[in-house]
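Have a look at structure30.tsv; it's TSV, C-alpha atoms:
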```
chain	number	residue	atom	x	y	z
A	1	VAL	CA	-1.07	-16.98	-52.49
A	2	SER	CA	-4.06	-18.50	-50.70
A	3	LYS	CA	-3.71	-22.11	-49.60
A	4	SER	CA	-6.86	-23.25	-51.36
A	5	PHE	CA	-5.64	-21.87	-54.67
A	6	PHE	CA	-2.33	-23.78	-54.76
A	7	SER	CA	-3.88	-26.85	-53.13
A	8	LEU	CA	-6.58	-27.32	-55.78
A	9	ASN	CA	-4.46	-26.63	-58.84
A	10	SER	CA	-1.62	-28.56	-60.40
A	11	LYS	CA	1.86	-27.07	-60.35
A	12	SER	CA	1.69	-26.02	-64.01
A	13	GLU	CA	-1.80	-24.54	-63.64
A	14	LEU	CA	-0.70	-22.62	-60.58
A	15	LEU	CA	2.40	-21.17	-62.28
A	16	ASP	CA	0.48	-20.24	-65.44
A	17	SER	CA	-2.20	-18.37	-63.49
A	18	LEU	CA	0.00	-16.40	-61.11
A	19	VAL	CA	0.11	-12.67	-61.72
A	20	PHE	CA	3.48	-11.08	-62.54
A	21	PHE	CA	4.09	-7.99	-60.43
A	22	PRO	CA	6.59	-5.37	-61.64
A	23	ARG	CA	8.42	-3.30	-59.04
A	24	SER	CA	5.98	-0.43	-59.55
A	25	PHE	CA	2.86	-2.59	-59.07
A	26	LYS	CA	1.65	-0.66	-56.00
A	27	GLN	CA	1.06	2.39	-58.18
A	28	LYS	CA	-1.36	0.45	-60.41
A	29	MET	CA	-3.01	-1.99	-58.03
A	30	ASP	CA	-6.35	-1.90	-59.88
A	31	GLN	CA	-4.77	-3.50	-62.97
A	32	PHE	CA	-3.95	-6.81	-61.24
A	33	ASP	CA	-6.09	-9.81	-60.46
A	34	LEU	CA	-5.88	-10.20	-56.68
A	35	SER	CA	-8.67	-12.74	-56.29
A	36	ASN	CA	-6.29	-15.54	-55.19
A	37	ILE	CA	-3.76	-13.32	-53.44
A	38	TYR	CA	-4.14	-11.63	-50.07
A	39	PRO	CA	-1.97	-9.39	-47.85
A	40	ILE	CA	0.06	-11.35	-45.29
A	41	TYR	CA	-0.84	-8.97	-42.47
A	42	GLY	CA	-4.44	-8.35	-43.51
A	43	GLY	CA	-5.84	-4.95	-44.45
A	44	GLU	CA	-4.35	-3.24	-47.49
A	45	TYR	CA	-0.65	-3.71	-46.71
A	46	PHE	CA	0.92	-5.83	-49.43
A	47	SER	CA	4.34	-6.91	-48.17
A	48	THR	CA	7.04	-7.39	-50.78
A	49	GLY	CA	10.28	-9.14	-50.08
A	50	GLY	CA	12.26	-11.88	-51.70
A	51	CYS	CA	14.81	-14.62	-51.30
A	52	ILE	CA	18.50	-13.98	-50.63
A	53	LEU	CA	21.23	-16.31	-51.87
A	54	TYR	CA	24.79	-15.78	-50.67
A	55	HIS	CA	28.17	-17.45	-50.44
A	56	LYS	CA	28.93	-18.85	-47.01
A	57	ASP	CA	32.29	-17.04	-46.79
A	58	ALA	CA	30.69	-13.69	-47.60
A	59	PHE	CA	27.95	-14.37	-45.04
A	60	ASN	CA	30.57	-14.92	-42.31
A	61	LEU	CA	32.75	-11.96	-43.35
A	62	ILE	CA	29.93	-9.46	-42.93
A	63	GLY	CA	28.89	-10.90	-39.56
A	64	GLY	CA	25.94	-13.09	-40.55
A	65	TRP	CA	22.41	-12.10	-39.61
A	66	ASN	CA	21.94	-9.12	-37.33
A	67	THR	CA	21.01	-10.67	-33.96
A	68	ASN	CA	19.46	-7.40	-32.78
A	69	ILE	CA	16.62	-7.95	-35.23
A	70	ILE	CA	14.01	-10.18	-33.60
A	71	SER	CA	11.38	-12.34	-35.29
A	72	TYR	CA	10.93	-10.71	-38.71
A	73	GLY	CA	10.87	-7.28	-40.30
A	74	TYR	CA	13.83	-5.39	-41.86
A	75	GLU	CA	16.17	-8.38	-41.49
A	76	ASP	CA	16.52	-8.91	-45.26
A	77	MET	CA	16.83	-5.19	-46.04
A	78	GLU	CA	19.51	-4.75	-43.36
A	79	PHE	CA	21.42	-7.82	-44.54
A	80	VAL	CA	21.59	-6.72	-48.19
A	81	TYR	CA	22.38	-3.11	-47.26
A	82	ARG	CA	25.24	-4.24	-45.00
A	83	ALA	CA	26.68	-6.57	-47.67
A	84	LYS	CA	26.68	-3.76	-50.27
A	85	LYS	CA	28.06	-1.20	-47.79
A	86	LEU	CA	30.95	-3.54	-46.97
A	87	GLY	CA	31.89	-3.88	-50.64
A	88	PHE	CA	30.29	-7.16	-51.69
A	89	LYS	CA	28.74	-7.41	-55.13
A	90	HIS	CA	24.97	-7.72	-55.14
A	91	ILE	CA	22.77	-8.79	-58.05
A	92	SER	CA	18.98	-8.43	-58.10
A	93	PHE	CA	16.81	-10.58	-60.35
A	94	ARG	CA	14.22	-7.91	-61.04
A	95	LYS	CA	12.51	-9.72	-63.90
A	96	ASN	CA	11.42	-12.54	-61.62
A	97	ASN	CA	8.75	-12.85	-58.96
A	98	ILE	CA	8.73	-14.99	-55.84
A	99	TYR	CA	5.35	-15.94	-54.44
A	100	HIS	CA	4.69	-16.48	-50.76
A	101	LEU	CA	2.54	-19.52	-50.11
A	102	GLN	CA	0.15	-19.55	-47.17
A	103	HIS	CA	1.47	-21.71	-44.32
A	104	PHE	CA	1.28	-22.38	-40.61
A	105	ARG	CA	2.91	-19.67	-38.51
A	106	GLY	CA	4.73	-20.16	-35.21
A	107	LEU	CA	5.03	-17.62	-32.40
A	108	ASP	CA	7.97	-15.81	-33.99
A	109	SER	CA	6.29	-15.59	-37.40
A	110	ARG	CA	3.24	-13.52	-36.53
A	111	TYR	CA	2.66	-9.81	-36.49
A	112	ASN	CA	4.19	-8.35	-33.34
A	113	SER	CA	5.63	-5.16	-31.89
A	114	PHE	CA	9.24	-6.22	-32.59
A	115	CYS	CA	8.89	-4.73	-36.05
A	116	LYS	CA	9.17	-1.24	-34.53
A	117	ILE	CA	12.33	-2.21	-32.64
A	118	ASN	CA	13.77	-3.73	-35.80
A	119	ARG	CA	13.14	-0.45	-37.61
A	120	GLN	CA	15.26	1.32	-34.97
A	121	GLU	CA	18.11	-1.13	-35.59
A	122	TRP	CA	17.76	-0.60	-39.33
A	123	ASP	CA	18.03	3.17	-38.82
A	124	ILE	CA	21.13	2.74	-36.59
A	125	VAL	CA	22.91	0.59	-39.18
A	126	ARG	CA	22.28	3.19	-41.92
A	127	THR	CA	24.03	5.91	-39.88
A	128	MET	CA	27.34	3.98	-39.87
A	129	ASN	CA	30.15	4.27	-42.36
A	130	ALA	CA	31.77	1.12	-43.75
A	131	GLU	CA	34.47	0.90	-41.07
A	132	GLU	CA	32.02	1.43	-38.20
A	133	LEU	CA	29.63	-1.10	-39.69
A	134	MET	CA	32.35	-3.74	-40.08
A	135	LEU	CA	33.47	-3.33	-36.45
A	136	TYR	CA	29.85	-3.41	-35.32
A	137	ALA	CA	29.08	-6.62	-37.23
A	138	LEU	CA	32.25	-8.45	-36.20
A	139	ASN	CA	31.64	-7.40	-32.59
A	140	GLY	CA	28.40	-9.40	-32.63
A	141	PHE	CA	26.23	-6.29	-33.26
A	142	ARG	CA	27.10	-4.93	-29.82
A	143	ARG	CA	27.90	-1.26	-29.53
A	144	LEU	CA	30.09	-1.92	-26.47
A	145	ARG	CA	33.72	-2.59	-27.39
A	146	PHE	CA	36.41	-3.44	-24.87
A	147	ASP	CA	39.09	-0.79	-24.64
A	148	PRO	CA	42.33	-2.03	-23.02
A	149	ASP	CA	42.92	1.43	-21.54
A	150	VAL	CA	39.54	1.47	-19.80
A	151	GLU	CA	38.80	-0.35	-16.55
A	152	TYR	CA	35.61	-2.35	-16.08
A	153	ASN	CA	33.65	-3.64	-13.13
A	154	TYR	CA	31.81	-6.83	-13.89
A	155	THR	CA	29.52	-9.30	-12.17
A	156	ASN	CA	29.46	-12.83	-13.54
A	157	HIS	CA	27.17	-15.11	-11.55
A	158	SER	CA	24.65	-17.74	-12.61
A	159	SER	CA	21.80	-15.29	-12.02
A	160	GLU	CA	23.41	-12.01	-13.11
A	161	TYR	CA	25.91	-10.64	-15.60
A	162	SER	CA	26.70	-6.95	-15.79
A	163	LEU	CA	29.55	-4.84	-17.10
A	164	THR	CA	30.17	-1.20	-16.23
A	165	VAL	CA	33.01	1.24	-16.74
A	166	ALA	CA	34.95	1.59	-13.48
A	167	ASN	CA	36.67	4.56	-11.94
A	168	ASN	CA	40.35	4.77	-12.79
A	169	SER	CA	41.39	3.29	-9.45
A	170	LYS	CA	43.64	0.35	-10.30
A	171	VAL	CA	47.35	0.61	-9.53
A	172	ASP	CA	49.38	0.92	-12.70
A	173	LEU	CA	52.26	-1.58	-12.87
A	174	ARG	CA	53.33	-0.51	-16.34
A	175	HIS	CA	56.79	-1.61	-17.56
A	176	SER	CA	57.00	-4.35	-14.92
A	177	SER	CA	56.95	-8.13	-15.06
A	178	ILE	CA	55.88	-10.43	-12.24
A	179	LEU	CA	57.53	-13.78	-11.64
A	180	VAL	CA	55.48	-16.43	-9.84
A	181	LEU	CA	56.72	-19.91	-8.98
A	182	LEU	CA	54.18	-22.74	-8.85
A	183	GLU	CA	54.84	-26.23	-7.59
A	184	ASN	CA	52.82	-29.35	-8.42
A	185	VAL	CA	49.76	-27.90	-10.09
A	186	SER	CA	46.93	-30.37	-9.48
A	187	GLU	CA	44.88	-31.90	-12.30
A	188	ASN	CA	41.65	-31.36	-10.40
A	189	GLY	CA	40.15	-28.46	-8.50
A	190	ARG	CA	41.00	-24.81	-8.35
A	191	HIS	CA	44.62	-23.90	-7.82
A	192	VAL	CA	45.61	-21.35	-5.17
A	193	VAL	CA	47.10	-19.10	-7.83
A	194	ASP	CA	43.61	-18.61	-9.33
A	195	PHE	CA	42.70	-16.52	-6.28
A	196	TYR	CA	45.92	-14.56	-6.58
A	197	LEU	CA	45.25	-13.84	-10.27
A	198	GLU	CA	41.74	-12.72	-9.40
A	199	TYR	CA	43.18	-10.32	-6.81
A	200	MET	CA	45.67	-8.98	-9.40
A	201	GLU	CA	42.95	-8.44	-11.98
A	202	MET	CA	40.74	-6.55	-9.54
A	203	ASN	CA	43.43	-4.21	-8.20
A	204	PHE	CA	46.14	-3.68	-10.83
A	205	LYS	CA	46.53	-2.93	-14.52
A	206	ASN	CA	49.19	-3.00	-17.26
A	207	PHE	CA	51.14	-5.89	-15.79
A	208	GLU	CA	52.57	-9.12	-17.13
A	209	ILE	CA	52.79	-12.37	-15.20
A	210	ASN	CA	55.46	-14.95	-15.95
A	211	ILE	CA	54.61	-18.29	-14.37
A	212	VAL	CA	57.46	-20.68	-13.59
A	213	GLU	CA	56.13	-24.16	-12.97
A	214	LYS	CA	58.10	-26.79	-11.06
A	215	GLY	CA	57.22	-30.42	-10.42
A	216	SER	CA	54.33	-30.54	-12.92
A	217	ASN	CA	53.33	-29.35	-16.37
A	218	ARG	CA	49.72	-28.20	-16.06
A	219	CYS	CA	49.79	-24.39	-16.25
A	220	ASP	CA	47.42	-24.49	-19.20
A	221	MET	CA	44.72	-25.68	-16.75
A	222	LEU	CA	44.77	-22.36	-14.89
A	223	LYS	CA	41.90	-19.99	-15.60
A	224	ASN	CA	42.83	-17.18	-17.96
A	225	LYS	CA	42.26	-13.71	-16.60
A	226	LEU	CA	41.46	-10.49	-18.41
A	227	GLY	CA	44.55	-8.38	-19.06
A	228	VAL	CA	47.06	-10.95	-17.80
A	229	LYS	CA	49.86	-12.21	-20.00
A	230	TYR	CA	51.10	-15.71	-19.18
A	231	SER	CA	54.48	-17.15	-19.99
A	232	TYR	CA	55.13	-20.70	-18.88
A	233	TYR	CA	58.50	-22.14	-17.98
A	234	ILE	CA	58.94	-25.71	-16.81
A	235	TYR	CA	61.89	-26.30	-14.49
A	236	LYS	CA	63.57	-29.68	-14.93
A	237	LYS	CA	66.08	-31.11	-12.51
A	238	ASN	CA	68.65	-31.92	-15.18
A	239	ILE	CA	68.99	-28.20	-16.07
A	240	ALA	CA	71.38	-26.00	-14.08
A	241	PHE	CA	69.36	-23.49	-12.07
A	242	ASP	CA	71.51	-20.49	-13.07
A	243	ALA	CA	71.13	-21.24	-16.79
A	244	PHE	CA	67.41	-21.95	-16.44
A	245	PHE	CA	66.68	-18.77	-14.52
A	246	GLU	CA	68.89	-16.65	-16.78
A	247	SER	CA	66.97	-17.83	-19.84
A	248	ILE	CA	63.71	-16.73	-18.18
A	249	ILE	CA	65.01	-13.27	-17.29
A	250	ASN	CA	66.46	-12.77	-20.78
A	251	SER	CA	63.07	-13.52	-22.32
A	252	ILE	CA	61.44	-10.70	-20.32
A	253	ASN	CA	61.46	-7.27	-21.95
A	254	ASN	CA	60.38	-5.16	-18.98
A	255	GLN	CA	63.10	-3.62	-16.84
A	256	VAL	CA	61.39	-3.94	-13.45
A	257	LEU	CA	60.82	-7.38	-11.94
A	258	LEU	CA	58.54	-8.31	-9.06
A	259	LEU	CA	59.37	-11.65	-7.45
A	260	TRP	CA	55.98	-12.34	-5.92
A	261	ASP	CA	54.82	-15.10	-3.61
A	262	HIS	CA	51.32	-15.93	-4.86
A	263	TYR	CA	50.22	-16.67	-1.28
A	264	SER	CA	50.74	-12.99	-0.47
A	265	PHE	CA	48.12	-10.28	-0.93
A	266	ILE	CA	49.55	-6.76	-0.66
A	267	GLN	CA	47.37	-3.69	-0.21
A	268	PRO	CA	47.32	-1.95	-3.62
A	269	GLU	CA	47.99	1.50	-2.15
A	270	LYS	CA	50.94	0.14	-0.18
A	271	LEU	CA	52.45	-1.43	-3.30
A	272	LYS	CA	51.81	1.78	-5.25
A	273	ASN	CA	53.74	3.88	-2.73
A	274	ILE	CA	56.71	1.51	-2.58
A	275	PHE	CA	56.66	1.10	-6.36
A	276	ASN	CA	56.92	4.89	-6.73
A	277	ARG	CA	59.71	5.06	-4.16
A	278	TYR	CA	61.64	2.38	-6.02
A	279	ALA	CA	61.29	4.31	-9.29
A	280	LYS	CA	62.53	7.55	-7.71
A	281	THR	CA	65.45	6.18	-5.70
A	282	GLN	CA	66.64	3.58	-8.21
A	283	SER	CA	67.56	1.31	-5.31
A	284	LYS	CA	68.81	-2.14	-6.19
A	285	ILE	CA	66.12	-3.97	-4.29
A	286	PHE	CA	62.93	-3.27	-2.32
A	287	GLU	CA	61.20	-5.86	-0.17
A	288	ILE	CA	57.50	-5.73	0.79
A	289	VAL	CA	56.48	-7.86	3.76
A	290	ASP	CA	53.07	-9.52	3.76
A	291	ASP	CA	51.24	-8.08	6.79
A	292	GLY	CA	48.26	-10.44	6.51
A	293	TRP	CA	45.93	-8.04	4.68
A	294	LYS	CA	43.05	-9.82	2.95
A	295	PRO	CA	41.09	-8.43	0.00
A	296	ASP	CA	37.30	-8.60	0.07
A	297	ASN	CA	35.61	-11.70	-1.37
A	298	ILE	CA	38.87	-13.52	-2.14
A	299	TRP	CA	39.88	-16.65	-0.27
A	300	ARG	CA	43.32	-16.61	1.34
A	301	ALA	CA	45.16	-19.94	1.61
A	302	ARG	CA	47.71	-18.76	4.18
A	303	GLU	CA	47.51	-16.12	6.88
A	304	PHE	CA	50.95	-14.79	5.91
A	305	GLY	CA	52.99	-15.29	2.76
A	306	ASN	CA	56.58	-14.38	1.88
A	307	GLY	CA	55.68	-11.02	0.35
A	308	LEU	CA	57.45	-9.77	-2.73
A	309	ILE	CA	60.71	-8.22	-3.89
A	310	ILE	CA	61.10	-5.41	-6.45
A	311	MET	CA	64.37	-5.33	-8.36
A	312	SER	CA	65.71	-4.46	-11.78
A	313	ARG	CA	66.23	-7.07	-14.46
A	314	GLU	CA	69.95	-6.21	-14.64
A	315	TYR	CA	70.43	-6.58	-10.90
A	316	LEU	CA	68.86	-10.02	-10.85
A	317	LEU	CA	71.04	-11.11	-13.77
A	318	SER	CA	74.15	-9.85	-11.98
A	319	CYS	CA	73.26	-11.97	-8.94
A	320	LEU	CA	73.43	-15.19	-10.92
A	321	GLY	CA	76.81	-16.79	-10.46
A	322	ASN	CA	78.04	-13.95	-8.26
A	323	ASP	CA	80.13	-15.17	-5.34
A	324	GLU	CA	78.90	-12.31	-3.19
A	325	PHE	CA	75.35	-13.44	-3.80
A	326	GLY	CA	76.02	-17.04	-4.82
A	327	SER	CA	73.72	-19.29	-6.76
A	328	ALA	CA	72.92	-21.49	-3.78
A	329	LYS	CA	71.97	-18.48	-1.71
A	330	LEU	CA	69.96	-17.00	-4.59
A	331	PHE	CA	68.10	-20.25	-5.13
A	332	GLN	CA	67.24	-20.44	-1.44
A	333	HIS	CA	66.20	-16.78	-1.42
A	334	LEU	CA	64.01	-17.16	-4.52
A	335	LYS	CA	62.41	-20.32	-3.20
A	336	GLN	CA	61.49	-18.58	0.03
A	337	THR	CA	60.31	-15.44	-1.72
A	338	LEU	CA	58.40	-16.99	-4.61
```
Full structure transcribed into structure tokens:
Amino acid sequence: VSKSFFSLNSKSELLDSLVFFPRSFKQKMDQFDLSNIYPIYGGEYFSTGGCILYHKDAFNLIGGWNTNIISYGYEDMEFVYRAKKLGFKHISFRKNNIYHLQHFRGLDSRYNSFCKINRQEWDIVRTMNAEELMLYALNGFRRLRFDPDVEYNYTNHSSEYSLTVANNSKVDLRHSSILVLLENVSENGRHVVDFYLEYMEMNFKNFEINIVEKGSNRCDMLKNKLGVKYSYYIYKKNIAFDAFFESIINSINNQVLLLWDHYSFIQPEKLKNIFNRYAKTQSKIFEIVDDGWKPDNIWRAREFGNGLIIMSREYLLSCLGNDEFGSAKLFQHLKQTL
């Protein structure tokens, strides 16, 4: 509706004089008075749309507006189609008209080439079944979905972010749990274990890390890493060490334990070979000495750490309280190793 027409007439005069357009009006254009109405885009293209009302919960459940649709064009069609495809009831008020009043237009509300891109998105959405469409919407309208069995290389800097599928090169530590002892985690700054966790994430997969914290209670301040499971245990002086450590081991489901000093970086291939040897020989215990190897682009706090020990969960439990491998000796050994 032209601005001059609704500016010079009262509200009642305006409503009384507006033409009612049935859904088939384009087939009989010559029967309507278009003297005060003009196409939004100029020319002969009369755009028809409407107004969508929806419940907030339904809006969220279908993923909201499709963020791949830019500016305008197809956004309302896609939204209603998606709602109906995902099983929500839709009612059209077909006996009513809505009239678009002329108004100022910003940069994102003018004719532009995005309409062609939006049409491509509209076509993509219509190829999906209900399940695919739901996953697509709830994944933020991204067609990339993280698969826990797939490895990724990623860059995450202030000037660049990229994500690519990596070659299957990470060492598989499946069915194993790693125990790491931390002491006095600081409130400020980056903890040394952050670098260790970064090294683990870059070089290994299918592992679980159990963090035992002593002297502080701030493990929740550590940065979470992709694919790493954290379990926190706080050691208190008034608890007997044997009982405390036994409760930790009993809470771990995996049969293979790695007592790992987080100051130690072990070459992945070296750990892989020893890990395979341990699995084949079923030896009680394997020790890997830290030879000072340093991974690329990761800071190393110490030139040499205490390495790590591979042992079974049952063997470690049998050591607790055993005179042959007494608690005092075990505590000293664990403290040196972890």
In Å, how far is it from CA of His100 (chain A) to CA of Val1 (chain A)?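 Calculated distance between CA of His100 (chain A) and CA of Val1 (chain A) is 6.0 Å.
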Contact residues around region 292-304 of chain A with all atoms listed in the file at 9 Å, ignoring same-chain residues under 6 positions, as JSON, numbers by chain: {"A": [192, 195, 196, 198, 199, 263, 264, 265, 266, 267]}
Env of Ser35 (chain A): 12 Å cut, atoms = only C-alpha atoms, seq-sep filter 2 positions within chain, self excluded. Answer as number ranges by chain. A: 1-2, 4-5, 17-19, 30, 32-33, 37-39
Would you mind listing what lies within 7 Å of region 136-141 of chain A as a count of residues only, with all atoms listed in the file counted and same-chain residues fewer than 5 positions away left out? 5
Can you check which parts of region 9-100 of chain A lie within 12 Å of region 121-130 of chain A? Per residue, the shortest pair of atoms and distance in Å to one decimal, counting all atoms listed in the file, sorted by chain and number, as CSV.
```
residue,atom,partner,partner_atom,distance
A:Ile62,CA,A:Ala130,CA,10.8
A:Asn66,CA,A:Glu121,CA,9.0
A:Thr67,CA,A:Glu121,CA,10.1
A:Asn68,CA,A:Glu121,CA,7.0
A:Ile69,CA,A:Glu121,CA,7.0
A:Ile70,CA,A:Glu121,CA,10.1
A:Gly73,CA,A:Trp122,CA,9.6
A:Tyr74,CA,A:Trp122,CA,6.7
A:Glu75,CA,A:Trp122,CA,8.2
A:Asp76,CA,A:Trp122,CA,10.3
A:Met77,CA,A:Trp122,CA,8.2
A:Glu78,CA,A:Trp122,CA,6.0
A:Phe79,CA,A:Trp122,CA,9.6
A:Val80,CA,A:Trp122,CA,11.4
A:Tyr81,CA,A:Arg126,CA,8.3
A:Arg82,CA,A:Val125,CA,7.9
A:Ala83,CA,A:Ala130,CA,10.0
A:Lys84,CA,A:Ala130,CA,9.6
A:Lys85,CA,A:Ala130,CA,6.0
A:Leu86,CA,A:Ala130,CA,5.7
A:Gly87,CA,A:Ala130,CA,8.5
A:Phe88,CA,A:Ala130,CA,11.6
```
Between CA of Pro22 (chain A) and CA of Ser10 (chain A) - distance in Å to one decimal: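 These two atoms are separated by 24.6 Å.
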One residue among A:Asp194, A:Glu160, A:Glu208, A:Glu131 is nearest to Leu182 (chain A) when using all atoms listed in the file, and that residue is A:Asp194
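The coordinates place CA of Leu173 (chain A) at 6.8 Å from CA of Phe204 (chain A).
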Taking (36.3, 2.6, -19.0) in the coordinates of the supplied file, I want to know which residues reach to within 7 Å of it, counting all atoms listed in the file; could you give the answer as a PDB file with C-alpha atoms, keeping the file's coordinate frame?
```
ATOM      1  CA  VAL A 150      39.540   1.470 -19.800  1.00  0.00           C
ATOM      2  CA  GLU A 151      38.800  -0.350 -16.550  1.00  0.00           C
ATOM      3  CA  TYR A 152      35.610  -2.350 -16.080  1.00  0.00           C
ATOM      4  CA  VAL A 165      33.010   1.240 -16.740  1.00  0.00           C
ATOM      5  CA  ALA A 166      34.950   1.590 -13.480  1.00  0.00           C
TER       6      ALA A 166
END
```
